[in-house]
Amino acid sequence: MTLLPGATIGVLGGGQLGRMMAVVARQMGYRIVVLDPSPRCPTAQVADGFVVGALDDLDAARHLARQADVITLDTEHVPADLLDELAAIAPVRPGASVLRTIQDRLVQKQFLDRIGLPQAAWAPAGDLDELTAALTRLGRPAILKIRRAGYDGKGQVRIDPVDRAGPETPQAEDPARSHSDHDPAAQLARLHGQPAVVEEVVRFEREVSVILARSLDGAHRIYPVAENVHRRHILHTTRAPAPMPEPQRRRAEEIAVTVADALGHVGVMAVEMFQLADGRLLVNEIAPRTHNSGHYTYGACATSQFEQHVRAICGLALGDPRALSGAVMVNLIGDLWAGGPPGWQHVLAHPGARLHLYGKDAPAPGRKMGHVVLLDDDTDRALADADALIATLTPRT
Ligand code: AMP
């Protein structure tokens, strides 16, 4: 059934993704209710209604569902069993089965193997014996990642070759976020015994992501493939379109469509990939929701990823994903607030720059506080402008 404007969308989790979707949904005439532990969360600030509660609080989630015509997610870290319960009250899109496959890295990797998509060599690392055996097979350096609830490099540690460990390795520069060491036992201990998987470290040429939408009847709309640069495991910049050869671009799209169809996904999703020097693409991670590397679509494309998600979950026809301009997105991380709120005058004075702030009142190192999108068909120039604008915000030490 098609849900027309006037219907109410319930959102589980009140972060920036929910906020940006809520702004667009309300502009289209939908109502938004959100469940989050904090009444000051980014989505609640722009919503019609709010339910206070943790994302695993079934009573609170049921209270939200009874007010909603359809339920969607700001984060994949919602218990899948809870989604099954809510589905008896209102449709949940994407559904519990999608989350079951995605939210556990081990299950996600098994799924990718099963549907025949390439990924970095990996192995389960439930305990030291399993990890030691895996390292013999995968070699070093390797990355150990917790199976559940990790994001932005949290819950990830690197295992170095024995002769390369130590504070000079790049990952050791911020010990609070990412640790580098050659001792597997010490690295497992850093993850506090949480079940993990281990992967080979991929020497990629570039990282790319494909954002696409899949509708209730299985139609797709694919956004221009984006190139992503991470700093300390957090997305730093996205450039779209990615400067990649046509056959690889088509292959990236094909991979993303294969994932979406195999999952039976409904809504927007992102597939992050590593592109190797020989042109091969390896899937790194799947996100069953709007994605940070798709923020550029809000401004650069005929239909933003946020409107597209609303269209997909409400059973409307999907919108036109075409880019009207080249674009660069640069994230604004909490570190920029170290000397107090940054001065935005240079960003706001740039004619091609659009500032988005998420309304978070507690800036912290590594926390995503906002982003800037620069519209420019010359994406090299836009990247240089992004760097120059960020430099005007950087606290002086
Ligand atoms: P993830 O949370 O798994 O997406 O990891 C965040 C970032 O860490 C990725 O976008 C990469 O920049 C880096 N990374 C993660 N896994 C690997 C890997 N196996 N090889 C090389 N870099 C990786």
# chains A, B, ... in the order shown; residues from 1 in each chain; ligands from 1

$ residues_around --residues "Ala90 in chain A" --least-positions-apart "5" --cutoff "7 Å" --atoms "only C-alpha atoms" --output "PyMOL selection string"
chain A and resi 65+68-71

$ write_last_selection --atoms "N, CA, C and O atoms" --output "tab-separated table (two decimals), in the first residue's frame"
chain	number	residue	atom	x	y	z
A	65	ALA	N	5.60	2.44	17.51
A	65	ALA	CA	5.00	1.75	16.36
A	65	ALA	C	3.50	2.03	16.26
A	65	ALA	O	2.96	2.15	15.16
A	68	ALA	N	2.77	5.01	14.25
A	68	ALA	CA	3.42	5.10	12.93
A	68	ALA	C	2.68	4.28	11.88
A	68	ALA	O	2.07	3.25	12.19
A	69	ASP	N	2.76	4.74	10.63
A	69	ASP	CA	2.23	3.96	9.50
A	69	ASP	C	3.32	3.08	8.88
A	69	ASP	O	3.03	2.11	8.18
A	70	VAL	N	4.56	3.44	9.09
A	70	VAL	CA	5.70	2.65	8.64
A	70	VAL	C	6.86	2.97	9.59
A	70	VAL	O	6.94	4.08	10.13
A	71	ILE	N	7.75	1.99	9.78
A	71	ILE	CA	8.88	2.17	10.71
A	71	ILE	C	10.18	2.00	9.94
A	71	ILE	O	10.31	1.08	9.12

$ residues_around --residues "range 108-114 of chain A" --least-positions-apart "3" --cutoff "10 Å" --atoms "only C-alpha atoms" --output "list in words"
Val98, Leu99, Arg100, Thr101, Ile102, Gln103, Asp104, Arg105, Leu117, Pro118, Gln119, Ala120, Ala121, Trp122, Ala123, Pro124, Arg147, Val197, Thr258, Val259, Ala262, Leu263, Val283, Asn284, Glu285 and Ile286 of chain A

$ write_last_selection --atoms "N, CA, C and O atoms" --output "short mmCIF file (atom, residue, chain, number, x, y, z; two decimals), in the first residue's frame"
data_model
loop_
_atom_site.label_atom_id
_atom_site.label_comp_id
_atom_site.auth_asym_id
_atom_site.auth_seq_id
_atom_site.Cartn_x
_atom_site.Cartn_y
_atom_site.Cartn_z
N VAL A 98 16.92 -8.41 6.99
CA VAL A 98 18.06 -7.63 6.47
C VAL A 98 19.02 -7.32 7.61
O VAL A 98 20.24 -7.49 7.50
N LEU A 99 18.46 -6.89 8.73
CA LEU A 99 19.33 -6.54 9.86
C LEU A 99 20.07 -7.75 10.41
O LEU A 99 21.24 -7.65 10.78
N ARG A 100 19.40 -8.90 10.44
CA ARG A 100 20.06 -10.12 10.95
C ARG A 100 21.31 -10.43 10.12
O ARG A 100 22.31 -10.90 10.64
N THR A 101 21.23 -10.18 8.83
CA THR A 101 22.37 -10.48 7.96
C THR A 101 23.48 -9.45 8.10
O THR A 101 24.65 -9.77 8.00
N ILE A 102 23.10 -8.20 8.33
CA ILE A 102 24.08 -7.12 8.28
C ILE A 102 24.75 -6.85 9.63
O ILE A 102 25.93 -6.51 9.69
N GLN A 103 23.98 -6.95 10.73
CA GLN A 103 24.49 -6.37 11.98
C GLN A 103 25.55 -7.24 12.67
O GLN A 103 26.19 -6.76 13.60
N ASP A 104 25.76 -8.43 12.18
CA ASP A 104 26.84 -9.27 12.70
C ASP A 104 27.85 -9.45 11.56
O ASP A 104 27.52 -10.02 10.53
N ARG A 105 29.07 -8.93 11.75
CA ARG A 105 30.05 -8.97 10.66
C ARG A 105 30.31 -10.39 10.15
O ARG A 105 30.56 -10.59 8.98
N LEU A 117 30.28 -12.79 -3.88
CA LEU A 117 30.93 -11.48 -4.10
C LEU A 117 32.30 -11.46 -3.44
O LEU A 117 32.48 -12.02 -2.34
N PRO A 118 33.28 -10.82 -4.08
CA PRO A 118 34.64 -10.82 -3.54
C PRO A 118 34.78 -9.90 -2.33
O PRO A 118 34.18 -8.83 -2.28
N GLN A 119 35.57 -10.35 -1.36
CA GLN A 119 35.87 -9.51 -0.19
C GLN A 119 37.28 -9.86 0.28
O GLN A 119 37.88 -10.83 -0.20
N ALA A 120 37.81 -9.07 1.21
CA ALA A 120 39.14 -9.36 1.77
C ALA A 120 39.10 -10.74 2.42
O ALA A 120 38.07 -11.14 2.98
N ALA A 121 40.24 -11.46 2.35
CA ALA A 121 40.31 -12.76 3.03
C ALA A 121 40.03 -12.54 4.51
O ALA A 121 40.51 -11.58 5.11
N TRP A 122 39.23 -13.42 5.10
CA TRP A 122 38.79 -13.21 6.49
C TRP A 122 38.65 -14.55 7.19
O TRP A 122 38.62 -15.61 6.54
N ALA A 123 38.52 -14.48 8.50
CA ALA A 123 38.27 -15.69 9.29
C ALA A 123 37.64 -15.27 10.62
O ALA A 123 37.86 -14.15 11.09
N PRO A 124 36.86 -16.17 11.23
CA PRO A 124 36.34 -15.86 12.56
C PRO A 124 37.48 -15.83 13.57
O PRO A 124 38.49 -16.52 13.39
N ARG A 147 32.37 -8.28 16.08
CA ARG A 147 31.31 -8.70 15.16
C ARG A 147 30.13 -7.75 15.20
O ARG A 147 29.50 -7.49 14.19
N VAL A 197 35.98 -10.87 14.12
CA VAL A 197 36.47 -11.50 12.89
C VAL A 197 37.80 -10.84 12.57
O VAL A 197 38.08 -9.73 13.05
N THR A 258 23.35 -6.60 -6.72
CA THR A 258 23.33 -8.01 -6.29
C THR A 258 23.09 -8.11 -4.79
O THR A 258 22.28 -8.93 -4.33
N VAL A 259 23.76 -7.26 -4.03
CA VAL A 259 23.59 -7.26 -2.56
C VAL A 259 22.15 -6.90 -2.21
O VAL A 259 21.49 -7.60 -1.42
N ALA A 262 19.71 -9.70 -3.14
CA ALA A 262 19.86 -10.91 -2.32
C ALA A 262 19.30 -10.69 -0.92
O ALA A 262 18.79 -11.61 -0.30
N LEU A 263 19.40 -9.45 -0.43
CA LEU A 263 18.86 -9.15 0.90
C LEU A 263 17.35 -8.96 0.87
O LEU A 263 16.69 -9.02 1.91
N VAL A 283 34.20 -6.09 -1.62
CA VAL A 283 33.21 -5.47 -0.74
C VAL A 283 33.81 -5.34 0.65
O VAL A 283 34.35 -6.31 1.19
N ASN A 284 33.73 -4.14 1.23
CA ASN A 284 34.19 -3.97 2.61
C ASN A 284 33.04 -4.10 3.58
O ASN A 284 33.10 -4.88 4.52
N GLU A 285 31.96 -3.36 3.32
CA GLU A 285 30.90 -3.29 4.33
C GLU A 285 29.59 -2.87 3.69
O GLU A 285 29.58 -2.09 2.75
N ILE A 286 28.49 -3.37 4.24
CA ILE A 286 27.16 -3.02 3.77
C ILE A 286 26.45 -2.24 4.87
O ILE A 286 26.49 -2.64 6.03
#

$ residues_near_ligand --ligand "ligand 1" --cutoff "8 Å" --atoms "only C-alpha atoms and all ligand atoms" --output "count of residues only"
28

$ select_by_dssp --residues "range 7-124 of chain A" --states "alpha helix (DSSP H)" --output "VMD selection string"
chain A and resid 16 to 27 58 to 66 80 to 87 96 to 102 105 to 114

$ residues_around --residues "range 369-379 of chain A" --least-positions-apart "4" --cutoff "9 Å" --atoms "only C-alpha atoms" --output "VMD selection string"
chain A and resid 16 239 to 241 295 to 296 298 to 300 325 to 334 347 350 to 364 383 to 386

$ residues_around --residues "Ala323 in chain A" --least-positions-apart "3" --cutoff "8 Å" --atoms "only C-alpha atoms" --output "NGL selection string"
:A and (223-224 or 297 or 300-302 or 326)

$ select_by_dssp --residues "range 7-190 of chain A" --states "strand (DSSP E or B)" --output "ChimeraX atom specification"
/A:7-12,31-36,49-52,70-73,92,119,122-125,142-146,156-159,179-181

$ closest_residue --among "A:Tyr30, A:Ala134, A:Ser38, A:Leu389" --to "Leu348 in chain A" --atoms "only C-alpha atoms"
A:Leu389

$ residues_around --residues "Leu316 in chain A" --least-positions-apart "3" --cutoff "8 Å" --atoms "only C-alpha atoms" --output "PyMOL selection string"
chain A and resi 2-4+311-313

$ write_last_selection --atoms "N, CA and C atoms" --output "mmCIF file, in the first residue's frame"
data_model
loop_
_atom_site.group_PDB
_atom_site.id
_atom_site.type_symbol
_atom_site.label_atom_id
_atom_site.label_comp_id
_atom_site.auth_asym_id
_atom_site.auth_seq_id
_atom_site.Cartn_x
_atom_site.Cartn_y
_atom_site.Cartn_z
ATOM 1 N N THR A 2 0.467 2.233 -0.770
ATOM 2 C CA THR A 2 1.238 3.472 -0.838
ATOM 3 C C THR A 2 0.875 4.382 0.329
ATOM 4 N N LEU A 3 1.886 4.886 0.998
ATOM 5 C CA LEU A 3 1.642 5.833 2.091
ATOM 6 C C LEU A 3 1.883 7.241 1.559
ATOM 7 N N LEU A 4 0.828 8.004 1.489
ATOM 8 C CA LEU A 4 0.936 9.347 0.910
ATOM 9 C C LEU A 4 1.263 10.367 1.995
ATOM 10 N N ARG A 311 10.634 7.769 -0.192
ATOM 11 C CA ARG A 311 9.868 7.235 -1.321
ATOM 12 C C ARG A 311 9.830 5.709 -1.276
ATOM 13 N N ALA A 312 10.979 5.102 -1.023
ATOM 14 C CA ALA A 312 11.050 3.633 -1.032
ATOM 15 C C ALA A 312 10.199 3.028 0.083
ATOM 16 N N ILE A 313 10.327 3.545 1.297
ATOM 17 C CA ILE A 313 9.608 2.903 2.423
ATOM 18 C C ILE A 313 8.113 3.218 2.401
#

$ atom_distance --atom1 "CA of Ala44 in chain A" --atom2 "CA of Ile32 in chain A"
9.0 Å

$ residues_around --residues "Pro37 in chain A" --least-positions-apart "6" --cutoff "7 Å" --atoms "only C-alpha atoms" --output "PyMOL selection string"
chain A and resi 52-54

$ residues_around --residues "Gly14 in chain A" --least-positions-apart "3" --cutoff "12 Å" --atoms "only C-alpha atoms" --output "PyMOL selection string"
chain A and resi 10-11+17-22+32-47+49-55+72-75+358-360

$ atom_distance --atom1 "CA of Val208 in chain A" --atom2 "CA of Met269 in chain A"
13.8 Å
